[in-house]
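These notes concern the structure reproduced below.
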Amino acid sequence: MDRPKPVWNYPLISCDDPLLQKAYDWEFPTSSLEEGKQQEMLKHILHVTACWSFLKPLFSSHGYTLYRSTDDNPWNTYPEPLPKAVRDPKYPYARRGYEADEDGVFGVNSGRTWAARDALGHDVVIKIISDADNPSNEFKVLQYLNEEGVRSNPRNLTIHVLEFLTFYNLVFAVMPRWDSAFHADFGTVAEVMQCGEQILEAIGLRDPSVTRYAVYDFGGSEIYPREVSLRDFRANPWFKFSNYGLPFRDGPFNPFAVDFLSVVILLQCRVRHIENIVPAVGPYFDRLMSYDDDNRPTAREALVDFRQIISQLSASQLSEKISTHYWEDDGVVYKKAPLKSTYYK
């Protein structure tokens, strides 16, 4: 017997709703993660979903049709039947990894993001980035990275902001819809090394001749004066050390070095599994994984060293097919478990 579909009790939204005044209140409340707080989480999810629905006419007036939620899960969203998706999107929009819209699910994992499609059929992601009356660092960083001179810099490997919109007291950034860099499988050593190189440079169906990568989330950004030393600067910003298995730093630390170490931890898991084909990546990551901020190479130095490894690879190494996708610090290498990617670049 089929299980009955759930019936969701969405709240009615008005112009006076408090969520329309505070950008970061759209995130999940941390208290809802505690045991026994599932109802609080569900109530917040339904409230946020109803607010996005309330904003649909405003986005429509700017040419954006928000994705619709499914009946069984408010966080699984799909494009509306119209407008139809553009068949061959061009950069900065991503190549499509699917044909039918029912395969183009956008799973919402933050209350501040929602997908949409513009009048020409390009799929985009809209993110709430700031209160209008109190600009956030995320808003300031995105404004800077998308200034004309900065945007055209070939080393600017951050996501394009197509436009900023302001409704009520909320600022929205409209960006092309790109999927996670690691959702689609890598096929060859060359594809893995290209991904690693571009991620290092940004800080630093994957044919290197057509694939691009971009940094796209600046929600936890800090802004420091240009003249600070990347080696000697110390501060005490918020940083979720536990996300990377790092010990908590009690007191000021070098935020640039710690930020780079978090990238190294991510990159090692996604690149070192080809060590059997490219032995040099093992000692390379061993050097970068030093927890001594003063002795660890900088991101610039790491990029130079990584490019040196690439330059010494033979054509047969670069074209070698790979059957693994992940490395853990105990040396375990995981075989491929293909993940479906709807959009990739």
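For the structure tokens, the naming scheme is as follows: chains receive sequential letters (A, B, ...) according to their order of presentation, residues are indexed from 1 within each chain, and ligands are indexed from 1 in presentation order.
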
Could you give me, as a PyMOL selection string, each residue of segment 114-185 of chain A that DSSP assigns to strand (DSSP E or B) when run on this structure's backbone?
chain A and resi 114-118+123-131+134+158+163-167+170-176

Same residues, N, CA and C atoms, output as a CSV table (one decimal), in the first residue's frame:
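So again_9.csv came out as:
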chain,number,residue,atom,x,y,z
A,114,TRP,N,17.8,29.8,-3.2
A,114,TRP,CA,16.7,29.2,-3.9
A,114,TRP,C,17.1,29.3,-5.4
A,115,ALA,N,16.7,28.4,-6.2
A,115,ALA,CA,17.0,28.4,-7.6
A,115,ALA,C,15.9,29.0,-8.4
A,116,ALA,N,16.2,29.5,-9.6
A,116,ALA,CA,15.2,30.2,-10.5
A,116,ALA,C,15.7,30.0,-11.9
A,117,ARG,N,14.8,30.4,-12.8
A,117,ARG,CA,15.2,30.4,-14.3
A,117,ARG,C,14.9,31.8,-14.8
A,118,ASP,N,15.8,32.4,-15.6
A,118,ASP,CA,15.5,33.7,-16.2
A,118,ASP,C,14.7,33.6,-17.4
A,123,ASP,N,19.4,28.9,-15.9
A,123,ASP,CA,19.1,28.6,-14.5
A,123,ASP,C,20.1,29.3,-13.6
A,124,VAL,N,19.6,29.9,-12.6
A,124,VAL,CA,20.4,30.7,-11.6
A,124,VAL,C,20.1,30.3,-10.2
A,125,VAL,N,21.0,30.7,-9.3
A,125,VAL,CA,20.7,30.6,-7.9
A,125,VAL,C,20.7,32.0,-7.3
A,126,ILE,N,19.7,32.2,-6.4
A,126,ILE,CA,19.5,33.5,-5.8
A,126,ILE,C,19.8,33.3,-4.3
A,127,LYS,N,20.7,34.1,-3.8
A,127,LYS,CA,21.1,34.0,-2.4
A,127,LYS,C,20.8,35.3,-1.6
A,128,ILE,N,20.3,35.2,-0.4
A,128,ILE,CA,20.1,36.4,0.5
A,128,ILE,C,21.5,36.6,1.1
A,129,ILE,N,22.1,37.7,0.9
A,129,ILE,CA,23.5,37.9,1.4
A,129,ILE,C,23.6,39.0,2.4
A,130,SER,N,22.6,39.8,2.7
A,130,SER,CA,22.8,41.0,3.6
A,130,SER,C,21.4,41.6,3.9
A,131,ASP,N,21.5,42.3,5.1
A,131,ASP,CA,20.4,43.3,5.4
A,131,ASP,C,20.7,44.5,4.5
A,134,ASN,N,22.3,47.3,6.7
A,134,ASN,CA,23.6,47.0,7.4
A,134,ASN,C,24.4,46.1,6.5
A,158,THR,N,36.1,33.4,-9.1
A,158,THR,CA,35.0,33.4,-8.2
A,158,THR,C,33.7,33.4,-9.1
A,163,GLU,N,23.5,40.1,-11.0
A,163,GLU,CA,22.9,41.4,-10.5
A,163,GLU,C,22.6,41.2,-9.0
A,164,PHE,N,22.5,42.4,-8.3
A,164,PHE,CA,22.0,42.4,-6.9
A,164,PHE,C,20.6,43.0,-6.9
A,165,LEU,N,19.7,42.4,-6.2
A,165,LEU,CA,18.4,42.9,-6.0
A,165,LEU,C,18.1,43.2,-4.6
A,166,THR,N,17.3,44.2,-4.3
A,166,THR,CA,16.9,44.5,-2.9
A,166,THR,C,15.4,44.6,-2.8
A,167,PHE,N,14.8,43.7,-2.0
A,167,PHE,CA,13.4,43.7,-1.6
A,167,PHE,C,13.2,43.8,-0.1
A,170,LEU,N,16.2,43.1,2.5
A,170,LEU,CA,17.0,42.0,2.1
A,170,LEU,C,17.7,42.3,0.8
A,171,VAL,N,19.0,42.0,0.7
A,171,VAL,CA,19.8,42.1,-0.5
A,171,VAL,C,20.0,40.7,-1.0
A,172,PHE,N,19.7,40.5,-2.3
A,172,PHE,CA,19.9,39.2,-3.0
A,172,PHE,C,21.0,39.3,-4.0
A,173,ALA,N,21.8,38.2,-4.1
A,173,ALA,CA,22.8,38.1,-5.2
A,173,ALA,C,22.2,37.0,-6.2
A,174,VAL,N,22.1,37.3,-7.5
A,174,VAL,CA,21.7,36.4,-8.5
A,174,VAL,C,22.9,35.9,-9.2
A,175,MET,N,23.1,34.6,-9.2
A,175,MET,CA,24.4,33.9,-9.7
A,175,MET,C,24.0,32.8,-10.6
A,176,PRO,N,24.8,32.4,-11.6
A,176,PRO,CA,24.6,31.3,-12.4
A,176,PRO,C,24.5,30.0,-11.6

Excluding Tyr244 of chain A and any residue of its chain fewer than 4 positions from it, enumerate the residues within 8 Å of it, using only C-alpha atoms, and give them as a ChimeraX atom specification.
/A:240,262,265

Would you mind exporting N, CA and C atoms of the selected residues as a JSON list (two decimals), in the first residue's frame?
[["chain", "number", "residue", "atom", "x", "y", "z"],
["A", 240, "LYS", "N", 35.07, 27.71, 12.03],
["A", 240, "LYS", "CA", 34.55, 26.44, 12.52],
["A", 240, "LYS", "C", 35.62, 25.36, 12.35],
["A", 262, "SER", "N", 42.55, 24.68, 5.59],
["A", 262, "SER", "CA", 41.24, 24.05, 5.37],
["A", 262, "SER", "C", 41.07, 23.65, 3.90],
["A", 265, "ILE", "N", 43.18, 20.47, 3.30],
["A", 265, "ILE", "CA", 42.50, 19.28, 3.82],
["A", 265, "ILE", "C", 41.46, 18.77, 2.83]]

So that I can check the surroundings of segment 12-25 of chain A, please list as a VMD selection string every protein, DNA and RNA residue that reaches within 12 Å of it, counting only C-alpha atoms and ignoring chain neighbours fewer than 6 positions away.
chain A and resid 44 to 55 110 to 113 127 to 136 138 to 139 166 to 172 219 to 220

Using only N, CA, C and O atoms, please write the residues we just selected to a file, as a compact mmCIF listing (two decimals), in the first residue's frame.
# COMPACT_ATOMS: atom_id res chain seq x y z
N HIS A 44 10.50 26.04 10.91
CA HIS A 44 11.34 27.05 10.27
C HIS A 44 11.43 26.80 8.76
O HIS A 44 11.36 27.75 7.96
N ILE A 45 11.59 25.53 8.36
CA ILE A 45 11.66 25.20 6.93
C ILE A 45 10.40 25.66 6.21
O ILE A 45 10.47 26.28 5.13
N LEU A 46 9.24 25.40 6.80
CA LEU A 46 7.98 25.79 6.16
C LEU A 46 7.83 27.31 6.12
O LEU A 46 7.31 27.87 5.15
N HIS A 47 8.30 27.98 7.15
CA HIS A 47 8.25 29.45 7.19
C HIS A 47 9.12 30.04 6.08
O HIS A 47 8.70 30.93 5.33
N VAL A 48 10.34 29.53 5.97
CA VAL A 48 11.26 30.02 4.93
C VAL A 48 10.71 29.74 3.54
O VAL A 48 10.73 30.62 2.65
N THR A 49 10.21 28.54 3.32
CA THR A 49 9.66 28.19 2.01
C THR A 49 8.49 29.10 1.65
O THR A 49 8.36 29.55 0.50
N ALA A 50 7.64 29.39 2.62
CA ALA A 50 6.50 30.28 2.38
C ALA A 50 6.97 31.70 2.05
O ALA A 50 6.36 32.38 1.22
N CYS A 51 8.06 32.14 2.67
CA CYS A 51 8.59 33.47 2.37
C CYS A 51 9.13 33.55 0.95
O CYS A 51 8.92 34.55 0.25
N TRP A 52 9.83 32.51 0.51
CA TRP A 52 10.30 32.50 -0.89
C TRP A 52 9.10 32.55 -1.84
O TRP A 52 9.13 33.27 -2.85
N SER A 53 8.05 31.81 -1.52
CA SER A 53 6.86 31.83 -2.36
C SER A 53 6.22 33.22 -2.38
O SER A 53 5.76 33.69 -3.43
N PHE A 54 6.22 33.88 -1.23
CA PHE A 54 5.66 35.23 -1.13
C PHE A 54 6.43 36.21 -2.03
O PHE A 54 5.86 37.16 -2.57
N LEU A 55 7.73 35.96 -2.20
CA LEU A 55 8.58 36.86 -3.00
C LEU A 55 8.52 36.58 -4.50
O LEU A 55 9.10 37.33 -5.30
N SER A 110 20.22 25.44 2.36
CA SER A 110 20.31 26.64 3.18
C SER A 110 19.06 27.46 2.95
O SER A 110 18.62 27.62 1.80
N GLY A 111 18.50 28.01 4.02
CA GLY A 111 17.30 28.82 3.87
C GLY A 111 17.53 30.08 3.07
O GLY A 111 16.57 30.71 2.60
N ARG A 112 18.79 30.47 2.88
CA ARG A 112 19.10 31.72 2.17
C ARG A 112 19.29 31.54 0.68
O ARG A 112 19.64 32.50 -0.01
N THR A 113 19.12 30.32 0.15
CA THR A 113 19.31 30.11 -1.28
C THR A 113 18.09 29.47 -1.91
O THR A 113 17.41 28.65 -1.28
N LYS A 127 20.65 34.12 -3.75
CA LYS A 127 21.06 33.99 -2.35
C LYS A 127 20.83 35.29 -1.61
O LYS A 127 21.17 36.37 -2.10
N ILE A 128 20.27 35.19 -0.41
CA ILE A 128 20.14 36.35 0.47
C ILE A 128 21.50 36.58 1.12
O ILE A 128 22.01 35.70 1.82
N ILE A 129 22.11 37.75 0.91
CA ILE A 129 23.48 37.95 1.37
C ILE A 129 23.63 39.05 2.41
O ILE A 129 24.70 39.17 3.01
N SER A 130 22.57 39.84 2.65
CA SER A 130 22.76 40.96 3.57
C SER A 130 21.44 41.62 3.93
O SER A 130 20.45 41.51 3.19
N ASP A 131 21.45 42.30 5.07
CA ASP A 131 20.41 43.28 5.36
C ASP A 131 20.71 44.53 4.52
O ASP A 131 21.87 44.93 4.40
N ALA A 132 19.70 45.15 3.99
CA ALA A 132 19.92 46.35 3.19
C ALA A 132 20.43 47.51 4.04
O ALA A 132 21.22 48.34 3.57
N ASP A 133 19.99 47.59 5.30
CA ASP A 133 20.39 48.71 6.14
C ASP A 133 21.68 48.47 6.92
O ASP A 133 22.12 49.32 7.69
N ASN A 134 22.31 47.32 6.71
CA ASN A 134 23.56 47.02 7.40
C ASN A 134 24.37 46.05 6.53
O ASN A 134 24.38 44.84 6.77
N PRO A 135 25.08 46.57 5.51
CA PRO A 135 25.77 45.70 4.54
C PRO A 135 26.72 44.71 5.22
O PRO A 135 27.53 45.09 6.06
N SER A 136 26.59 43.45 4.84
CA SER A 136 27.44 42.40 5.40
C SER A 136 28.77 42.33 4.67
O SER A 136 28.94 42.86 3.57
N GLU A 138 29.88 39.66 3.33
CA GLU A 138 29.62 38.87 2.13
C GLU A 138 29.18 39.77 0.98
O GLU A 138 29.65 39.61 -0.16
N PHE A 139 28.33 40.74 1.25
CA PHE A 139 27.88 41.69 0.23
C PHE A 139 29.06 42.52 -0.27
O PHE A 139 29.27 42.68 -1.48
N THR A 166 17.25 44.20 -4.30
CA THR A 166 16.86 44.52 -2.93
C THR A 166 15.35 44.56 -2.82
O THR A 166 14.69 45.31 -3.54
N PHE A 167 14.81 43.69 -1.96
CA PHE A 167 13.38 43.68 -1.63
C PHE A 167 13.25 43.77 -0.12
O PHE A 167 13.94 43.07 0.61
N TYR A 168 12.34 44.64 0.32
CA TYR A 168 12.18 44.87 1.76
C TYR A 168 13.54 45.27 2.34
O TYR A 168 14.20 46.15 1.82
N ASN A 169 14.00 44.57 3.37
CA ASN A 169 15.32 44.91 3.93
C ASN A 169 16.35 43.84 3.59
O ASN A 169 17.33 43.66 4.31
N LEU A 170 16.15 43.15 2.48
CA LEU A 170 17.03 42.04 2.10
C LEU A 170 17.74 42.33 0.78
O LEU A 170 17.13 42.84 -0.17
N VAL A 171 19.03 42.00 0.73
CA VAL A 171 19.81 42.10 -0.51
C VAL A 171 20.04 40.69 -1.04
O VAL A 171 20.49 39.80 -0.31
N PHE A 172 19.74 40.49 -2.32
CA PHE A 172 19.88 39.19 -2.98
C PHE A 172 20.97 39.28 -4.04
O PHE A 172 21.06 40.27 -4.77
N GLY A 219 29.94 33.60 2.76
CA GLY A 219 29.12 33.91 3.92
C GLY A 219 29.90 34.11 5.20
O GLY A 219 29.45 34.82 6.09
N GLY A 220 31.08 33.48 5.32
CA GLY A 220 31.88 33.64 6.54
C GLY A 220 33.09 34.52 6.33
O GLY A 220 34.08 34.42 7.07

Show me, as a PyMOL selection string, the residues that have an atom within 12 Å of His122 of chain A when counting only C-alpha atoms, minus same-chain residues fewer than 5 positions from it.
chain A and resi 63-66+79+82-96+115-117+162+174-178+343

From segment 219-313 of chain A, collect each residue whose DSSP state is alpha helix (DSSP H) and return the set as a ChimeraX atom specification.
/A:255-271,281-288,299-311

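Using only C-alpha atoms, the protein and nucleic acid residues lying no more than 8 Å from Ile322 of chain A, apart from those fewer than 3 places from it along its own chain, are A:Phe186, A:Gly187, A:Thr188, A:Val189, A:Ile274.
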
Spatial neighbours of segment 327-329 of chain A, 8 Å, only C-alpha atoms, chain gap at least 5 places, as an MDAnalysis selection string:
chainID A and resid 268:273 334

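For the set A:Phe239, A:Tyr67, A:Phe306, A:Phe233, the residue with the smallest atom-to-atom gap to Glu197 of chain A is A:Phe306, counting only C-alpha atoms.
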
As an exercise, work out the distance from atom CA of His160 of chain A to atom CA of Leu145 of chain A in Å and give it to one decimal place.
8.4 Å

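Of note, atom CA of Glu80 of chain A and atom CA of Val161 of chain A are spaced 22.7 Å apart.
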
Can you pull out the residues contacting Ile223 of chain A? Cut-off 12 Å, using only C-alpha atoms, and skip same-chain residues under 6 positions away; I want them as an mmCIF file with C-alpha atoms, in the first residue's frame.
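around-v3.cif, freshly written:
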data_model
loop_
_atom_site.group_PDB
_atom_site.id
_atom_site.type_symbol
_atom_site.label_atom_id
_atom_site.label_comp_id
_atom_site.auth_asym_id
_atom_site.auth_seq_id
_atom_site.Cartn_x
_atom_site.Cartn_y
_atom_site.Cartn_z
ATOM 1 C CA SER A 136 27.439 42.396 5.404
ATOM 2 C CA ASN A 137 31.008 41.398 4.593
ATOM 3 C CA GLU A 138 29.616 38.873 2.127
ATOM 4 C CA PHE A 139 27.882 41.689 0.234
ATOM 5 C CA LYS A 140 31.027 43.849 0.270
ATOM 6 C CA VAL A 141 33.231 40.974 -0.932
ATOM 7 C CA LEU A 142 30.874 40.075 -3.789
ATOM 8 C CA TYR A 144 34.410 43.984 -4.963
ATOM 9 C CA ALA A 235 43.349 38.069 14.382
ATOM 10 C CA PRO A 237 37.792 35.719 13.568
ATOM 11 C CA PRO A 255 43.502 33.571 9.434
ATOM 12 C CA PHE A 256 45.154 33.290 6.009
#
